[in-house]
Amino acid sequence: MQKKLFKPQQSENSRSQYSDPSNKFVDWVNSLGIEKTIFGKFLYFFEDAFKIRRLLLVVLFSFTLSFLITSNFDFVYTGYQEGDVISSDIKSPETFEFVDEIETAVRKKKAEDLVPPVYDYELNTYEPILNGLYVSFREMRKILSKTSWPSDTYKREEKAKEYLVYKEKFEQLLGATDIPIKLFEWLVINKFSVTIENTVSRLIERLSNGKVIHDLNEFEKKDFKQVVVRVVERGGGGHEFTSDVDRLKQLHEARISMNLEGMRLSPNFTNRDKENIVKLAQKLVIPNLTPNRQETANRKQKARETIPPVVVQVQKNQTVITEGTVVQPYHKRVLDEIRRRDSQGQKDFESMTLAVFFVSLILVFFSYVRRFSFSKIKVTPKDLAIMGVVALIVVIVSKVSLFLLIETLQDRFSAIIPSIAYKYLLPVASGPMLVGLLIFSGEVVWIFTAFLMTALAIMMDYSFMYFVVIFIGGIAGARGVYSCKKRNDIYIAGLRVGAVNTLIILLVTLLSNQIESGIPLFQQVMWNCIAGFISGIFASFITMTLIPMLETFFDCTTDVKLLELS
């Protein structure tokens, strides 16, 4: 009897019926033959020559890093208006400076208002007047020379009216208008006496030594105590001096103040004669000081130009408005500038520019490695991933730590601890220490340290002195973990970083003269050095915490792990 073999039926859902769709997709793409086309060959050539995928990863990393550096954890409300009361302290999210256009305009206006008006002083102002006086009297005496005058006073006055036809000619020769008829008749009756002419001439000459202006109108009067007097001489020469406004006489004041006191007069002069002499002299008074508006405007413009723009400097995390303060125009301008800089468009432009800078920096560094060290070292994709992850971790830890330190300590100890000490306290040396443990190439660690410290210095407001401190400390940390035999060596490396930081911070603080006002020099140096030393210890703690996770995540075997396994 034959035995039948039992064969289990395969169900429709068995794994034998399963086919990987990804393989089908690959087979479908291969069946297209794209690599054989001109476009496909161009893509393969471009990828082989320029490593496009690696470049895209570098670009992605750079944009991520720039976003982390330019982003702020704290939100600053800038919607306050003038007169509002601030509900809480407002701190600047970044260091910036801007030109306060309104304050600059106010200061320029003040400088302009301090410029006194300029007057031209004509030394020969009254020379034409005196010449006119001489010519007009002489001409009128010629006209009256053949006239026979009656002895009766009434008839003499009637006779004088016949010569009113010469009044206009007399005024034209005299250079004065609106001579009263009674005054002209009096001159006719006295036959334009030489004695009267000389008396009027001396009276005018005495006045010419003073400073007479037409009027102190709104242009010249603005609370000025002095004016600039420019002496105008023939041929363009002359000098200038300042004169008190009180020593100037306005035209109507000069006319009223004219009198014959102290002058030698003819004994035949009656009171009426004296009054008429003064009236005639008053008609001949003109200003000898004239405002030079163009020169005044030029000097005001020069005064405006001498005032530099008012630049307002605001430090990162500086309290620009304290709680309970009423918003003033100056506060509003600072808030508007913070809002403008914190706008999305401004942030996007800054992040993009910074990302392009990081891409350029990475390409330059690795171009150097390929050119000079390619035969000795090989940078694998895993090495690039390690450096990228470590750089992002250090930036995040530094940014969060700085935010927490400032929020919890700065307001309470601002009068004791300088603000830069909080930056020196950050465990930035942990980055070179981690990479030094995971990557065995000294050249790569050196380049990574330079790149990371450049990024951190940019994050700290482009501080070159801060870059010097953390770069040297980072190199010391990478050197400290080299040939690390046990995990305790990492703590020793942290102490070494702290010692190096202390020395470099001491020297940099003294050399750069980075002294904050209000805190003694010794106190600043002390706190900066303490922060630098603690930074090295914190860096070793961060390194001890992260190195096991990075070893597992990247499947790396460090010397410390091998020793522990053995």
# chains A, B, ... in the order shown; residues from 1 in each chain; ligands from 1

call {"tool": "residues_around", "arguments": {"residues": "range 538-552 of chain A", "least_positions_apart": "4", "cutoff": "8 Å", "atoms": "only C-alpha atoms", "output": "PyMOL selection string"}}
result
chain A and resi 426-431+433-434+438+487+490-491+493-494+534+556-558

call {"tool": "write_last_selection", "arguments": {"atoms": "all heavy atoms", "output": "CSV table (one decimal), in the first residue's frame"}}
result
chain,number,residue,atom,x,y,z
A,426,LEU,N,29.7,78.9,29.7
A,426,LEU,CA,29.1,77.9,28.8
A,426,LEU,C,30.1,76.7,28.6
A,426,LEU,O,31.3,77.0,28.3
A,426,LEU,CB,28.7,78.5,27.5
A,426,LEU,CG,27.6,79.6,27.6
A,426,LEU,CD1,27.3,80.1,26.3
A,426,LEU,CD2,26.4,79.1,28.4
A,427,PRO,N,29.7,75.5,28.5
A,427,PRO,CA,30.6,74.3,28.3
A,427,PRO,C,30.8,74.1,26.9
A,427,PRO,O,30.6,73.0,26.3
A,427,PRO,CB,29.8,73.2,29.0
A,427,PRO,CG,28.3,73.5,28.8
A,427,PRO,CD,28.3,75.0,28.9
A,428,VAL,N,31.4,75.0,26.2
A,428,VAL,CA,31.6,74.9,24.7
A,428,VAL,C,32.7,73.9,24.4
A,428,VAL,O,32.8,73.4,23.3
A,428,VAL,CB,31.9,76.3,24.1
A,428,VAL,CG1,30.6,77.2,24.2
A,428,VAL,CG2,33.1,77.0,24.8
A,429,ALA,N,33.6,73.7,25.3
A,429,ALA,CA,34.8,72.8,25.0
A,429,ALA,C,34.3,71.4,24.9
A,429,ALA,O,35.1,70.5,24.5
A,429,ALA,CB,35.8,72.9,26.1
A,430,SER,N,33.1,71.1,25.3
A,430,SER,CA,32.6,69.7,25.2
A,430,SER,C,32.5,69.2,23.8
A,430,SER,O,32.7,68.0,23.5
A,430,SER,CB,31.2,69.6,25.9
A,430,SER,OG,30.3,70.5,25.3
A,431,GLY,N,32.3,70.2,22.8
A,431,GLY,CA,32.3,69.8,21.4
A,431,GLY,C,33.6,69.2,20.9
A,431,GLY,O,33.6,68.0,20.4
A,433,MET,N,36.0,68.0,22.7
A,433,MET,CA,36.3,66.8,23.5
A,433,MET,C,35.5,65.6,23.0
A,433,MET,O,36.1,64.5,22.9
A,433,MET,CB,35.9,67.1,25.0
A,433,MET,CG,36.8,68.1,25.7
A,433,MET,SD,36.2,68.6,27.3
A,433,MET,CE,36.6,67.2,28.2
A,434,LEU,N,34.2,65.7,22.7
A,434,LEU,CA,33.4,64.6,22.1
A,434,LEU,C,34.0,64.2,20.8
A,434,LEU,O,34.2,63.0,20.5
A,434,LEU,CB,32.0,65.1,22.0
A,434,LEU,CG,31.2,65.2,23.3
A,434,LEU,CD1,29.8,65.9,23.0
A,434,LEU,CD2,31.0,63.8,23.9
A,438,LEU,N,35.7,60.5,19.5
A,438,LEU,CA,35.0,59.7,18.5
A,438,LEU,C,35.8,59.7,17.2
A,438,LEU,O,35.6,58.7,16.4
A,438,LEU,CB,33.6,60.2,18.2
A,438,LEU,CG,32.7,60.2,19.4
A,438,LEU,CD1,31.4,60.9,19.1
A,438,LEU,CD2,32.4,58.7,19.8
A,487,ARG,N,37.8,56.8,31.9
A,487,ARG,CA,36.9,57.9,31.9
A,487,ARG,C,37.3,59.0,32.9
A,487,ARG,O,36.9,60.1,32.7
A,487,ARG,CB,35.5,57.4,32.2
A,487,ARG,CG,34.9,56.4,31.1
A,487,ARG,CD,33.4,56.3,31.2
A,487,ARG,NE,32.9,55.3,30.2
A,487,ARG,CZ,32.6,55.6,29.0
A,487,ARG,NH1,32.7,56.9,28.6
A,487,ARG,NH2,32.2,54.7,28.2
A,490,ILE,N,38.8,62.1,31.4
A,490,ILE,CA,37.9,63.1,30.8
A,490,ILE,C,37.8,64.3,31.9
A,490,ILE,O,37.8,65.5,31.5
A,490,ILE,CB,36.6,62.6,30.4
A,490,ILE,CG1,36.7,61.5,29.3
A,490,ILE,CG2,35.6,63.7,30.0
A,490,ILE,CD1,35.5,60.9,28.9
A,491,TYR,N,37.7,63.9,33.1
A,491,TYR,CA,37.6,65.0,34.2
A,491,TYR,C,38.9,65.7,34.3
A,491,TYR,O,38.9,67.0,34.5
A,491,TYR,CB,37.2,64.3,35.5
A,491,TYR,CG,35.9,63.7,35.6
A,491,TYR,CD1,35.7,62.3,35.8
A,491,TYR,CD2,34.7,64.5,35.4
A,491,TYR,CE1,34.5,61.7,35.8
A,491,TYR,CE2,33.5,63.9,35.4
A,491,TYR,CZ,33.3,62.5,35.6
A,491,TYR,OH,32.1,62.0,35.7
A,493,ALA,N,40.9,66.2,31.8
A,493,ALA,CA,40.9,67.1,30.6
A,493,ALA,C,40.0,68.3,30.9
A,493,ALA,O,40.3,69.5,30.5
A,493,ALA,CB,40.3,66.4,29.4
A,494,GLY,N,38.9,68.2,31.6
A,494,GLY,CA,38.1,69.3,32.0
A,494,GLY,C,38.8,70.3,32.9
A,494,GLY,O,38.7,71.5,32.7
A,534,ILE,N,35.1,77.1,35.7
A,534,ILE,CA,33.9,76.2,35.8
A,534,ILE,C,33.4,75.7,34.5
A,534,ILE,O,32.9,74.5,34.4
A,534,ILE,CB,32.8,77.0,36.5
A,534,ILE,CG1,33.2,77.4,37.9
A,534,ILE,CG2,31.5,76.2,36.6
A,534,ILE,CD1,32.2,78.2,38.7
A,556,CYS,N,30.4,53.5,17.4
A,556,CYS,CA,31.8,53.8,17.5
A,556,CYS,C,32.4,53.1,18.7
A,556,CYS,O,31.8,52.9,19.7
A,556,CYS,CB,32.0,55.3,17.7
A,556,CYS,SG,31.5,56.3,16.2
A,557,THR,N,33.6,52.7,18.5
A,557,THR,CA,34.4,52.1,19.6
A,557,THR,C,35.6,52.9,19.9
A,557,THR,O,36.5,53.0,19.2
A,557,THR,CB,34.9,50.7,19.1
A,557,THR,OG1,33.7,49.9,18.7
A,557,THR,CG2,35.5,50.0,20.3
A,558,THR,N,35.4,53.6,21.1
A,558,THR,CA,36.5,54.5,21.5
A,558,THR,C,37.5,53.7,22.3
A,558,THR,O,37.3,52.5,22.8
A,558,THR,CB,36.0,55.6,22.3
A,558,THR,OG1,35.3,55.1,23.5
A,558,THR,CG2,34.9,56.4,21.5

call {"tool": "select_by_dssp", "arguments": {"residues": "range 173-338 of chain A", "states": "helix (DSSP H, G or I)", "output": "PyMOL selection string"}}
result
chain A and resi 173-174+181-189+194-208+218-221+234-236+245-247+251-256+271-284+293-306+329-338

call {"tool": "residues_around", "arguments": {"residues": "range 278-291 of chain A", "least_positions_apart": "6", "cutoff": "6 Å", "atoms": "only C-alpha atoms", "output": "PyMOL selection string"}}
result
chain A and resi 119-122+125+200+212-214+255

call {"tool": "atom_distance", "arguments": {"atom1": "CA of Lys109 in chain A", "atom2": "CA of Arg304 in chain A"}}
result
7.2 Å

call {"tool": "closest_residue", "arguments": {"among": "A:Leu405, A:Val232, A:Leu203, A:Leu510", "to": "Leu265 in chain A", "atoms": "only C-alpha atoms"}}
result
A:Leu203

call {"tool": "residues_around", "arguments": {"residues": "range 141-147 of chain A", "least_positions_apart": "2", "cutoff": "9 Å", "atoms": "only C-alpha atoms", "output": "number ranges by chain"}}
result
A: 136-139, 149, 163, 188, 191-193

call {"tool": "write_last_selection", "arguments": {"atoms": "all heavy atoms", "output": "compact mmCIF listing (two decimals), in the first residue's frame"}}
result
# COMPACT_ATOMS: atom_id res chain seq x y z
N SER A 136 22.64 168.76 -1.59
CA SER A 136 21.27 169.30 -1.61
C SER A 136 21.23 170.70 -1.01
O SER A 136 20.55 171.61 -1.55
CB SER A 136 20.34 168.37 -0.83
OG SER A 136 20.77 168.25 0.52
N PHE A 137 21.94 170.94 0.09
CA PHE A 137 21.94 172.28 0.69
C PHE A 137 22.61 173.29 -0.25
O PHE A 137 22.15 174.43 -0.39
CB PHE A 137 22.65 172.24 2.04
CG PHE A 137 21.73 171.99 3.20
CD1 PHE A 137 21.06 170.79 3.35
CD2 PHE A 137 21.50 173.00 4.13
CE1 PHE A 137 20.21 170.57 4.40
CE2 PHE A 137 20.63 172.79 5.20
CZ PHE A 137 19.97 171.56 5.34
N ARG A 138 23.71 172.87 -0.87
CA ARG A 138 24.41 173.79 -1.78
C ARG A 138 23.53 174.15 -2.96
O ARG A 138 23.46 175.31 -3.39
CB ARG A 138 25.70 173.14 -2.26
CG ARG A 138 26.57 174.08 -3.12
CD ARG A 138 27.76 173.34 -3.66
NE ARG A 138 27.35 172.25 -4.53
CZ ARG A 138 28.20 171.41 -5.14
NH1 ARG A 138 29.51 171.55 -4.93
NH2 ARG A 138 27.76 170.45 -5.91
N GLU A 139 22.84 173.16 -3.52
CA GLU A 139 21.99 173.43 -4.68
C GLU A 139 20.83 174.35 -4.31
O GLU A 139 20.46 175.26 -5.07
CB GLU A 139 21.46 172.10 -5.23
CG GLU A 139 20.68 172.23 -6.52
CD GLU A 139 21.55 172.70 -7.68
OE1 GLU A 139 22.80 172.51 -7.62
OE2 GLU A 139 21.00 173.26 -8.64
N TRP A 149 14.01 188.60 0.45
CA TRP A 149 13.04 188.16 1.45
C TRP A 149 12.46 189.36 2.19
O TRP A 149 13.19 190.27 2.58
CB TRP A 149 13.73 187.23 2.46
CG TRP A 149 14.16 185.94 1.84
CD1 TRP A 149 15.35 185.67 1.31
CD2 TRP A 149 13.33 184.81 1.67
NE1 TRP A 149 15.37 184.42 0.80
CE2 TRP A 149 14.14 183.83 1.02
CE3 TRP A 149 12.01 184.49 1.98
CZ2 TRP A 149 13.64 182.59 0.68
CZ3 TRP A 149 11.53 183.24 1.66
CH2 TRP A 149 12.34 182.29 1.01
N TYR A 163 8.49 178.03 -2.96
CA TYR A 163 9.62 177.12 -3.28
C TYR A 163 9.30 175.65 -2.99
O TYR A 163 10.20 174.80 -3.05
CB TYR A 163 10.85 177.55 -2.46
CG TYR A 163 11.43 178.85 -2.93
CD1 TYR A 163 11.01 180.07 -2.36
CD2 TYR A 163 12.37 178.90 -3.93
CE1 TYR A 163 11.52 181.28 -2.80
CE2 TYR A 163 12.89 180.12 -4.38
CZ TYR A 163 12.46 181.29 -3.80
OH TYR A 163 12.98 182.48 -4.23
N VAL A 188 13.76 176.66 3.94
CA VAL A 188 13.73 177.72 2.93
C VAL A 188 13.87 179.08 3.61
O VAL A 188 14.62 179.96 3.16
CB VAL A 188 12.44 177.65 2.10
CG1 VAL A 188 12.33 178.87 1.20
CG2 VAL A 188 12.42 176.36 1.27
N LYS A 191 17.18 179.81 4.53
CA LYS A 191 18.04 179.84 3.35
C LYS A 191 19.07 178.69 3.34
O LYS A 191 20.19 178.85 2.86
CB LYS A 191 18.79 181.19 3.28
CG LYS A 191 17.90 182.40 3.26
CD LYS A 191 18.69 183.68 3.27
CE LYS A 191 17.80 184.91 3.35
NZ LYS A 191 18.59 186.17 3.37
N PHE A 192 18.62 177.53 3.88
CA PHE A 192 19.49 176.34 3.91
C PHE A 192 20.87 176.72 4.44
O PHE A 192 21.90 176.50 3.80
CB PHE A 192 19.58 175.70 2.52
CG PHE A 192 18.30 175.05 2.09
CD1 PHE A 192 17.33 175.80 1.41
CD2 PHE A 192 18.02 173.74 2.40
CE1 PHE A 192 16.13 175.22 1.01
CE2 PHE A 192 16.82 173.15 2.00
CZ PHE A 192 15.87 173.88 1.31
N SER A 193 20.83 177.23 5.61
CA SER A 193 22.03 177.77 6.25
C SER A 193 23.13 176.73 6.37
O SER A 193 22.87 175.54 6.66
CB SER A 193 21.66 178.31 7.64
OG SER A 193 22.81 178.58 8.38

call {"tool": "select_by_dssp", "arguments": {"residues": "range 245-432 of chain A", "states": "strand (DSSP E)", "output": "list in words"}}
result
Lys249, Gln250, Leu289, Thr290, Pro291, Val311, Val312, Gln313, Val314, Thr319, Val320 and Ile321 of chain A

call {"tool": "write_last_selection", "arguments": {"atoms": "N, CA and C atoms", "output": "mmCIF file, in the first residue's frame"}}
result
data_model
loop_
_atom_site.group_PDB
_atom_site.id
_atom_site.type_symbol
_atom_site.label_atom_id
_atom_site.label_comp_id
_atom_site.auth_asym_id
_atom_site.auth_seq_id
_atom_site.Cartn_x
_atom_site.Cartn_y
_atom_site.Cartn_z
ATOM 1 N N LYS A 249 21.079 149.236 18.524
ATOM 2 C CA LYS A 249 19.914 150.111 18.542
ATOM 3 C C LYS A 249 19.058 149.841 17.318
ATOM 4 N N GLN A 250 17.786 149.663 17.570
ATOM 5 C CA GLN A 250 16.873 149.559 16.452
ATOM 6 C C GLN A 250 16.658 150.955 15.859
ATOM 7 N N LEU A 289 23.828 148.357 10.167
ATOM 8 C CA LEU A 289 23.940 146.902 10.343
ATOM 9 C C LEU A 289 22.803 146.253 9.563
ATOM 10 N N THR A 290 23.137 145.392 8.647
ATOM 11 C CA THR A 290 22.117 144.685 7.854
ATOM 12 C C THR A 290 22.296 143.187 8.035
ATOM 13 N N PRO A 291 21.212 142.443 8.246
ATOM 14 C CA PRO A 291 21.342 140.993 8.455
ATOM 15 C C PRO A 291 21.810 140.289 7.182
ATOM 16 N N VAL A 311 23.898 107.503 17.609
ATOM 17 C CA VAL A 311 23.851 106.048 17.463
ATOM 18 C C VAL A 311 23.501 105.438 18.811
ATOM 19 N N VAL A 312 22.415 104.712 18.852
ATOM 20 C CA VAL A 312 21.970 104.037 20.073
ATOM 21 C C VAL A 312 22.478 102.600 20.024
ATOM 22 N N GLN A 313 23.266 102.222 21.023
ATOM 23 C CA GLN A 313 23.813 100.867 21.114
ATOM 24 C C GLN A 313 23.071 100.104 22.199
ATOM 25 N N VAL A 314 22.564 98.946 21.824
ATOM 26 C CA VAL A 314 21.817 98.098 22.749
ATOM 27 C C VAL A 314 22.481 96.730 22.769
ATOM 28 N N THR A 319 18.351 95.300 29.614
ATOM 29 C CA THR A 319 17.000 95.754 29.945
ATOM 30 C C THR A 319 16.812 97.155 29.380
ATOM 31 N N VAL A 320 16.013 97.262 28.345
ATOM 32 C CA VAL A 320 15.811 98.561 27.696
ATOM 33 C C VAL A 320 14.685 99.346 28.356
ATOM 34 N N ILE A 321 13.700 98.649 28.931
ATOM 35 C CA ILE A 321 12.607 99.310 29.644
ATOM 36 C C ILE A 321 12.270 98.461 30.867
#

call {"tool": "closest_residue", "arguments": {"among": "A:Ile420, A:Leu506, A:Gln172, A:Arg206", "to": "Phe522 in chain A", "atoms": "only C-alpha atoms"}}
result
A:Leu506

call {"tool": "closest_residue", "arguments": {"among": "A:Ser535, A:Thr325, A:Asn268, A:Ser512", "to": "Tyr422 in chain A", "atoms": "only C-alpha atoms"}}
result
A:Ser535

call {"tool": "atom_distance", "arguments": {"atom1": "CA of Ser367 in chain A", "atom2": "CA of Leu384 in chain A"}}
result
14.2 Å

call {"tool": "closest_residue", "arguments": {"among": "A:Leu56, A:Val326, A:Ile504, A:Leu248", "to": "Asp89 in chain A", "atoms": "only C-alpha atoms"}}
result
A:Val326
